[in-house]
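S.K.: Quick one: the structure is below, and I'll ask about it shortly.
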Amino acid sequence: MSTKLIQLTVIISIGSILFTLESFIPTPLPWIKLGLANVTTILVLKWYGLKEAFIVAFMRIVIGSLLTGRFLNPVFIISLSGNISAVVIMYFTIVYGEKMFSLIGVSILGAVFKSITQLFIVYLIYLRQIYLFSMTPIFLFSALVAGIFVGFSSHLILNKLKPYFRSGS
C-alpha cells in the first residue's frame, strides 16, 4: 500500500470524525457550522491537488453522514454541493492566486462559495421562497468567521506536518 493512500485514508478518517463531532456542537442557527472538517480538504489541496481533495471531501461527507444518520437526506445534498464549490474555488485560488491569498484567504473564499452554493441549492431544490436570500448576510458573516478559523488552523497544521506529507508520495 502506498504512503499516499495511507495518508489520504488517515485524513479522511480525521475529517469524518471532525464532521461527526461537530454535528453535536450546539450552534446559534441550525445550519451554521464552523466546518472543522474542511481543514482536511485544504491540507489535501495543498499537499496533493484537486482530485485527491474531491475524494477526501466526498468520503468524509459520506462517512460523516452515515455516522450521523443524514446520508442522502437534504443535509447531505446541501453539504456535498457546498463542498464541491468550495473545493473548486479553493483549488483555483491556490493554483492561480497563491501570491495574492494566504491560506486564510483561500479558506474564506471557500467558506463564502460554500455558503452561497448551499443557499442556492436550498432555494432551487427545497424552498422556493425569495425571502431565503434575506439571510445572505448571516451566511456570509458566518462564512467569514469559519473561513478565518479554518484557514488559521490549516496554516498551523500545514506548517507542523510539512515534513511528513509530500505531494505525490
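For the C-alpha cells, the naming scheme is as follows: chains receive sequential letters (A, B, ...) according to their order of presentation, residues are indexed from 1 within each chain, and ligands are indexed from 1 in presentation order.
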According to DSSP computed on the backbone, where in segment 4-125 of chain A is there alpha helix (DSSP H)? Give the residues as number ranges by chain.

M.R.: A: 4-22, 38-47, 50-68, 74-97, 103-121

S.K.: For Ala37 of chain A, which residue among A:Ser107, A:Ser102, A:Asn73, A:Ser16 is the nearest when counting only C-alpha atoms?

M.R.: A:Ser16

S.K.: Return the single residue from A:Ser81, A:Ser23, A:Ser142, A:Thr93 that is closest to Thr68 of chain A, with distances computed using only C-alpha atoms.

M.R.: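 Under the stated criterion, the closest residue is A:Ser23.
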
S.K.: Leu29 of chain A: which residues within 12 Å, counting only C-alpha atoms, same-chain residues fewer than 3 positions away excluded, as a PyMOL selection string?

M.R.: chain A and resi 25-26+32-34+135+138-139+142

S.K.: Now that the selection is made, can you save its residues with C-alpha atoms as an mmCIF file, in the first residue's frame?

M.R.:
data_model
loop_
_atom_site.group_PDB
_atom_site.id
_atom_site.type_symbol
_atom_site.label_atom_id
_atom_site.label_comp_id
_atom_site.auth_asym_id
_atom_site.auth_seq_id
_atom_site.Cartn_x
_atom_site.Cartn_y
_atom_site.Cartn_z
ATOM 1 C CA ILE A 25 -21.908 21.095 18.941
ATOM 2 C CA PRO A 26 -24.846 23.459 19.523
ATOM 3 C CA ILE A 32 -24.358 27.383 10.686
ATOM 4 C CA LYS A 33 -21.298 25.282 11.463
ATOM 5 C CA LEU A 34 -17.641 26.075 11.940
ATOM 6 C CA MET A 135 -30.376 35.536 5.236
ATOM 7 C CA ILE A 138 -25.867 35.914 8.150
ATOM 8 C CA PHE A 139 -24.439 33.230 5.873
ATOM 9 C CA SER A 142 -20.605 33.032 9.463
#

S.K.: Atom CA of Ile89 of chain A to atom CA of Val122 of chain A: how many Å, to one decimal?

M.R.: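 Computing it gives 20.0 Å between the two atoms.
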
S.K.: Find the spatial neighbours of segment 157-162 of chain A, counting only C-alpha atoms, within a cut-off of 12 Å - ignore same-chain residues fewer than 5 positions away - and output them as an NGL selection string.

M.R.: :A and (7 or 39-47 or 103 or 150-152 or 167)

S.K.: I need the residues from that last selection saved to file as a short mmCIF file (atom, residue, chain, number, x, y, z; two decimals), in the first residue's frame (with N, CA and C atoms), if you can.

M.R.:
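Saved to out.cif:
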data_model
loop_
_atom_site.label_atom_id
_atom_site.label_comp_id
_atom_site.auth_asym_id
_atom_site.auth_seq_id
_atom_site.Cartn_x
_atom_site.Cartn_y
_atom_site.Cartn_z
N GLN A 7 -1.88 7.99 3.86
CA GLN A 7 -2.07 9.36 4.34
C GLN A 7 -3.48 9.86 4.04
N VAL A 39 -10.68 21.65 7.21
CA VAL A 39 -9.22 21.71 7.35
C VAL A 39 -8.60 20.57 6.54
N THR A 40 -9.20 19.40 6.60
CA THR A 40 -8.63 18.25 5.89
C THR A 40 -8.62 18.48 4.38
N THR A 41 -9.67 19.10 3.87
CA THR A 41 -9.73 19.37 2.43
C THR A 41 -8.67 20.36 2.01
N ILE A 42 -8.49 21.41 2.79
CA ILE A 42 -7.47 22.42 2.47
C ILE A 42 -6.08 21.80 2.49
N LEU A 43 -5.81 20.98 3.49
CA LEU A 43 -4.49 20.34 3.57
C LEU A 43 -4.24 19.45 2.36
N VAL A 44 -5.24 18.69 1.96
CA VAL A 44 -5.08 17.81 0.80
C VAL A 44 -4.92 18.62 -0.49
N LEU A 45 -5.62 19.73 -0.60
CA LEU A 45 -5.42 20.60 -1.77
C LEU A 45 -3.97 21.07 -1.85
N LYS A 46 -3.40 21.44 -0.72
CA LYS A 46 -2.02 21.91 -0.69
C LYS A 46 -1.03 20.77 -0.95
N TRP A 47 -1.27 19.61 -0.34
CA TRP A 47 -0.32 18.51 -0.44
C TRP A 47 -0.44 17.71 -1.73
N LEU A 103 -3.45 31.29 3.15
CA LEU A 103 -4.32 30.14 3.38
C LEU A 103 -5.62 30.57 4.05
N VAL A 150 -10.82 28.20 10.15
CA VAL A 150 -10.36 27.02 9.41
C VAL A 150 -9.05 27.31 8.69
N GLY A 151 -8.93 28.49 8.11
CA GLY A 151 -7.70 28.87 7.41
C GLY A 151 -6.52 28.96 8.35
N PHE A 152 -6.73 29.58 9.51
CA PHE A 152 -5.66 29.70 10.50
C PHE A 152 -5.26 28.31 11.01
N SER A 167 3.77 15.94 -1.63
CA SER A 167 2.91 15.72 -2.79
C SER A 167 3.46 14.57 -3.63
#
